Structure formats: structure tokens, C-alpha cells
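Encoded as C-alpha cells, the structure appears first; notes follow it.
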Amino acid sequence: MEETVIVQSQELQQLIQKKLAAAGLSEAHAAIVAEHLVFADASGIHSHGAVRVDYYAERIAKGGMNRTPQITFEETGPSSGIVHGQNGAGQVVVLEATKHAIEMAKRSGIAAVGVRKTSHSGALSYYVKKAAEADLIALSMCQSDSMVVPFGGKENYFGTNPIAFAAPRKQGAPVVFDMATTVQAWGKILDARSKNKEIPATWAVDAHGKPTTNPHHVHGLLPISGPKGFGLMMMVDILSGMLLGLPFGKHVSSMYNDLTKGRDLGQFILLIDPQRFTDLDTFKESVETMIEELHAIPAAEQFQQVYYPGEINQLTYEKYMAEGIPIEKNIYRYLISDTVHFDQYSGSDAFAQTGTGE
């Protein structure tokens with residue numbers, strides 16, 4: 001990370017909200033998006049925090065994000081439904097879907113809710129954590145635009161297609177696990193380019209589908225664990241794309257190519273009420289015991305201790321919310337400026353311009 005400034009969460013929330021409202025988003029929706037981006041930065045997920053504001057502002061200003069969506073919930077069964085987002089701000093649409101899913105899961109024991117036609121929704125951990133705080137087990141996933149070569153191929157097809165999971169526990173914040181299905185983020189490729197440093201051969205491939213250590217030759221990212229990650233990507237696209245009658249794979253709209261049009265993205269949420277399967281207190285105590293047993297495992301060489309998946313993000317969140325959040329100086333300068341957006345994305349290659357992908 002470049003040189004940073006420490007910003008208190010409340011100030012960061014206000015700066016982001018002001019910038020999005022200036023671009024044309026309603027105050028209410030701008031507040032929801034801002035809260036989400038602050039959560040991401042505070043959790044150490046800087047690729048989905050304030051760095052996104054300029055892009056969001058430009059898409060809002062150019063009409064590619066619906067400023068006044070009529071978000072509706074279609075209940076298709078006692079445990080299923082679809083939220084129609086009308087390409088509104090993704091954080092607003094998916095938060096609304098999560099609320100409907102929580103209500104349905106509490107009533108029916110399980111909820112499978114699809115989100116049809118939304119914008120980029122940010123860090124999925126935000127939504128599953130909300131559900132786990134309501135004593136539910138949560139799984140969420142969403143599609144993204146093509147930037148990954150399938151196992152055995154040499155042309156990009158799937159996106160980074162992230163998956164998030166959360167479960168309540170007896171003490172402390174819920175267990176939350178959020179991951180992309182690629183080995184490494186595109187931002188790491190650009191960082192290596194800027195420093196002229198080689199990358200591991202397991203990260204990406206060149207235009208011929210061959211592993212490359214030269215970041216300037218990268219054509220596509222690689223799925224985690226080869227065919228296993230490839231399978232997860234396909235699962236995500238089927239559940240969050242095809243299941244909702246939306247584009248999939250290489251047909252998913254580009255994040256940056258045309259900011260005047262809605263993206264028509266899909267997301268899938270599955271919530272389970274553990275009380276329908278076991279005693280809730282026993283379940284939460286079991287999760288707590290698992291965490292204690294993981295912590296008790298002796299650390300391997302070069303490690304301080306064993307953390308459960310997602311724990312470092314939670315510890316980072318607690319630290320940054322108390323002490324302030326590190327934000328890159330250039331991003332902070334943009335947030336406090338009078339500039340709404342930099343008009344930098346239209347017609348550009350997302351990989352070349354931003355390095356963040358979905």
C-alpha cells in the first residue's frame with residue numbers, strides 16, 4: 001500500500017456519502033453504500049472500500065447505476081424469492097435482499113433468495129455477517145465479468161465469482177469467511193508491474209495459456225486449486241446467473257467498458273436457521289469450541305498462531321474502527337476534493353485502468 005492517512009470511520013462515512021450524493025445518488029442510498037465501503041476498508045478489504053468511490057460516482061453520473069430503483073421482492077414460495085434490483089446501487093439492493101431473506105428464514109427455517117439485475121455489490125462478508133448476527137447460517141455468492149481462464153484453457157471465461165459464509169457463535173463476532181475463487185487478485189498483478197517484479201507462476205497465464213512469471217504478459221487469472229476452483233466458479237455462475245435468467249460466464253457485462261448502461265448482475269443468498277436442526281445454544285457453543293481448539297493448535301514455523309478463516313479481517317475491523325482506518329493519500333485527496341469523478345473508465349480496459357476487477 002502507498003503512503004496512507006488515518007481517517008476515523010465517521011469522517012470516512014461522511015466523505016464517501018457526500019461524494020456519492022454529489023454524483024446523483026439519493027442521500028439514503030449514498031449512506032448505505034458509504035457504510036458498506038467503510039466496513040470493507042475497516043476490515044482490511046481495501047480493494048472494495050473507498051477506492052471504489054470514483055468508479056461508483058462516474059457510473060452514477062453517467063446513468064449506469066439507477067438512482068431511483070423501485071426495488072421489489074417477489075416471493076416465489078414459502079422459502080424462496082427474488083429481489084428485482086433494477087440496477088440500483090448493489091449495496092442497497094443486496095442489503096434489501098438480505099433483510100427479506102432473514103425474515104423468510106426466521107419464518108420458514110430456510111431462505112433461498114436470488115437478486116436479479118443489480119450493480120456491483122461490494123464485499124459479500126457484509127451481508128452474511130448481518131444474517132449471522134440474527135443467529136442464522138449464511139451463504140452468499142455473486143457473478144462477475146470474465147477475467148479467469150478455465151482449468152485447461154487459455155481464454156478467459158468466468159469471473160472471480162466470490163463466495164462468503166457466516167455462522168453465529170457463543171461469544172464475539174460471527175465467524176465470517178469471504179473469498180474470491182481466483183489464486184490472486186488483479187491488483188497484485190498491477191502492483192508487480194509497477195515494481196517490475198516477477199510473480200509466482202501459479203497466479204496467472206499469458207495469451208497462449210501458459211503460466212507466466214512476467215506480470216506484463218498476464219492475460220488471465222487462474223482459479224484456486226485448479227479444477228476445484230474452476231468447479232466453484234461454475235457453481236457460482238449457475239446459482240447467481242443462470243438460475244435467475246441472467247447472462248453468465250463471458251456474457252456477464254464488463255465492469256468498466258460502458259458506464260452508461262446497467263450491469264444486470266445476479267447474486268444468490270442462502271440462509272439457514274440452525275434452530276430447525278439442533279439446539280441454537282448448543283450450536284453456537286460448538287462453533288466457539290471449534291475456535292478455541294483451532295487457537296490451541298501449535299503454530300507452524302513462521303506463523304504466530306492458527307486463526308480461523310476470516311478472523312484476521314475481524315481483528316483488523318476492531319482495530320481500525322477504534323483507532324482509525326488507513327486510506328491511501330491519493331484516495332483521501334479525492335474524497336476531500338470538489339471533484340465528483342475523474343471520467344477515467346469509459347471505453348477503457350478494467351484490468352489496465354484499475355487493477356481491482358470485481
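Letters A, B, ... go to the chains of the C-alpha cells in the order shown; residues in each chain start at 1; ligands are counted from 1 in the same order.
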Can you pull out the residues contacting stretch 324-341 of chain A? Cut-off 8 Å, using only C-alpha atoms, and skip same-chain residues under 5 positions away; I want them as a PyMOL selection string.
chain A and resi 1-9+15-16+19-20+22-23+41-42+50-51+54-55+57-58+319
Report as a PyMOL selection string all protein, DNA and RNA residues lying within 9 Å of A:Thr316, evaluated on only C-alpha atoms, omitting residues in the same chain fewer than 5 positions from it.
chain A and resi 42-44+311+321
DSSP strand (DSSP E) residues within stretch 126-337 of chain A, listed as a VMD selection string:
chain A and resid 137 to 142 163 to 167 175 to 179 204 to 205 220 to 221 265 to 272 325 to 328
For the residues selected in the previous step, produce a file with C-alpha atoms as a short mmCIF file (atom, residue, chain, number, x, y, z; two decimals), in the first residue's frame.
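The result, stored in result27.cif:
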```
data_model
loop_
_atom_site.label_atom_id
_atom_site.label_comp_id
_atom_site.auth_asym_id
_atom_site.auth_seq_id
_atom_site.Cartn_x
_atom_site.Cartn_y
_atom_site.Cartn_z
CA ILE A 137 -26.10 -19.54 8.96
CA ALA A 138 -25.46 -17.67 5.73
CA LEU A 139 -24.02 -18.38 2.29
CA SER A 140 -23.85 -15.79 -0.48
CA MET A 141 -22.21 -15.66 -3.89
CA CYS A 142 -22.22 -13.46 -6.96
CA ILE A 163 -18.29 -16.84 -2.09
CA ALA A 164 -18.98 -15.78 1.51
CA PHE A 165 -20.09 -17.81 4.53
CA ALA A 166 -21.00 -16.86 8.08
CA ALA A 167 -22.20 -18.59 11.24
CA VAL A 175 -17.41 -16.44 12.02
CA VAL A 176 -17.24 -14.84 8.56
CA PHE A 177 -15.33 -16.23 5.60
CA ASP A 178 -15.18 -14.34 2.28
CA MET A 179 -13.10 -15.39 -0.72
CA ALA A 204 -1.79 -16.27 -13.99
CA VAL A 205 -1.23 -17.24 -17.62
CA GLY A 220 -5.93 -14.13 -17.38
CA LEU A 221 -6.01 -15.14 -13.73
CA LEU A 265 -25.70 -8.75 -12.31
CA GLY A 266 -27.03 -11.59 -10.18
CA GLN A 267 -26.43 -12.72 -6.61
CA PHE A 268 -27.64 -15.71 -4.59
CA ILE A 269 -28.34 -15.83 -0.85
CA LEU A 270 -29.00 -18.97 1.17
CA LEU A 271 -29.87 -18.66 4.86
CA ILE A 272 -30.49 -21.47 7.35
CA ILE A 325 -8.71 3.45 9.08
CA PRO A 326 -5.64 3.76 6.83
CA ILE A 327 -6.60 5.24 3.46
CA GLU A 328 -4.20 5.86 0.59
#
```
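Distances to A:Asp258 were evaluated for A:Ala101, A:Ala34, A:Glu11, A:Ile60 using only C-alpha atoms, and the minimum falls at A:Ile60.
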Could you pull out the helix (DSSP H, G or I) residues of stretch 180-345 of chain A, going by DSSP on the backbone, and write them as an NGL selection string?
:A and (186-195 or 215-217 or 227-240 or 242-244 or 249-251 or 274-276 or 280-296 or 311-323 or 329-336)
Quick one: everything within 12 Å of stretch 229-234 of chain A, counting only C-alpha atoms, minus sequence neighbours fewer than 6 positions away in the same chain. Send it as a ChimeraX atom specification.
/A:141-153,156-163,179-183,221-223,240-242,248-250
Taking only C-alpha atoms into account, which of A:Gly109, A:Gly245, A:Gly77, A:Pro69 comes nearest A:Val93?
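Residue with the minimum atom-to-atom distance to A:Val93: A:Pro69.
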Could you tell me which of A:Tyr320, A:Ser119, A:Arg52, A:Val113 comes closest to A:Gly81 if we count only C-alpha atoms?
A:Val113
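Atom CA of A:Val218 to atom CA of A:Thr202 spans 11.6 Å [interatomic distance, one decimal].
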Produce a table with one row for each residue of stretch 107-207 of chain A that has an atom at most 8 Å from any atom of stretch 287-301 of chain A, each row naming the nearest atom pair and its distance in Å at one decimal; use only C-alpha atoms; arrange rows by chain and rising residue number; format as a Markdown table.
```
| residue | atom | partner | partner_atom | distance |
| --- | --- | --- | --- | --- |
| A:Pro168 | CA | A:Val287 | CA | 7.7 |
| A:Arg169 | CA | A:Val287 | CA | 5.5 |
| A:Lys170 | CA | A:Glu288 | CA | 5.8 |
| A:Gln171 | CA | A:Glu288 | CA | 7.0 |
```
Just to be explicit: take each residue in the selection above, keep C-alpha atoms, and write the result as a short mmCIF file (atom, residue, chain, number, x, y, z; two decimals), in the first residue's frame.
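Final output, again_28.cif:
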```
data_model
loop_
_atom_site.label_atom_id
_atom_site.label_comp_id
_atom_site.auth_asym_id
_atom_site.auth_seq_id
_atom_site.Cartn_x
_atom_site.Cartn_y
_atom_site.Cartn_z
CA PRO A 168 -23.15 -17.29 14.70
CA ARG A 169 -21.06 -18.17 17.75
CA LYS A 170 -21.49 -18.04 21.51
CA GLN A 171 -19.12 -15.12 22.13
#
```
Work out how far atom CA of A:Val92 is from atom CA of A:Ile238, in Å to one decimal.
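Going from atom CA of A:Ile238 over to atom CA of A:Val92, I get 23.2 Å.
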Residues within 10 Å of A:Glu74, only C-alpha atoms, excluding chain neighbours under 2 positions, as a ChimeraX atom specification
/A:72,76-77,80-84,113-114
Which is closer to A:Pro211 than all the others in A:Lys154, A:Ile224, A:Arg116, A:Glu358, using only C-alpha atoms?
A:Lys154
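In this comparison, which uses only C-alpha atoms, the residue of A:Arg276, A:Lys62, A:Arg193, A:Lys284 approaching A:Arg107 most closely is A:Arg276.
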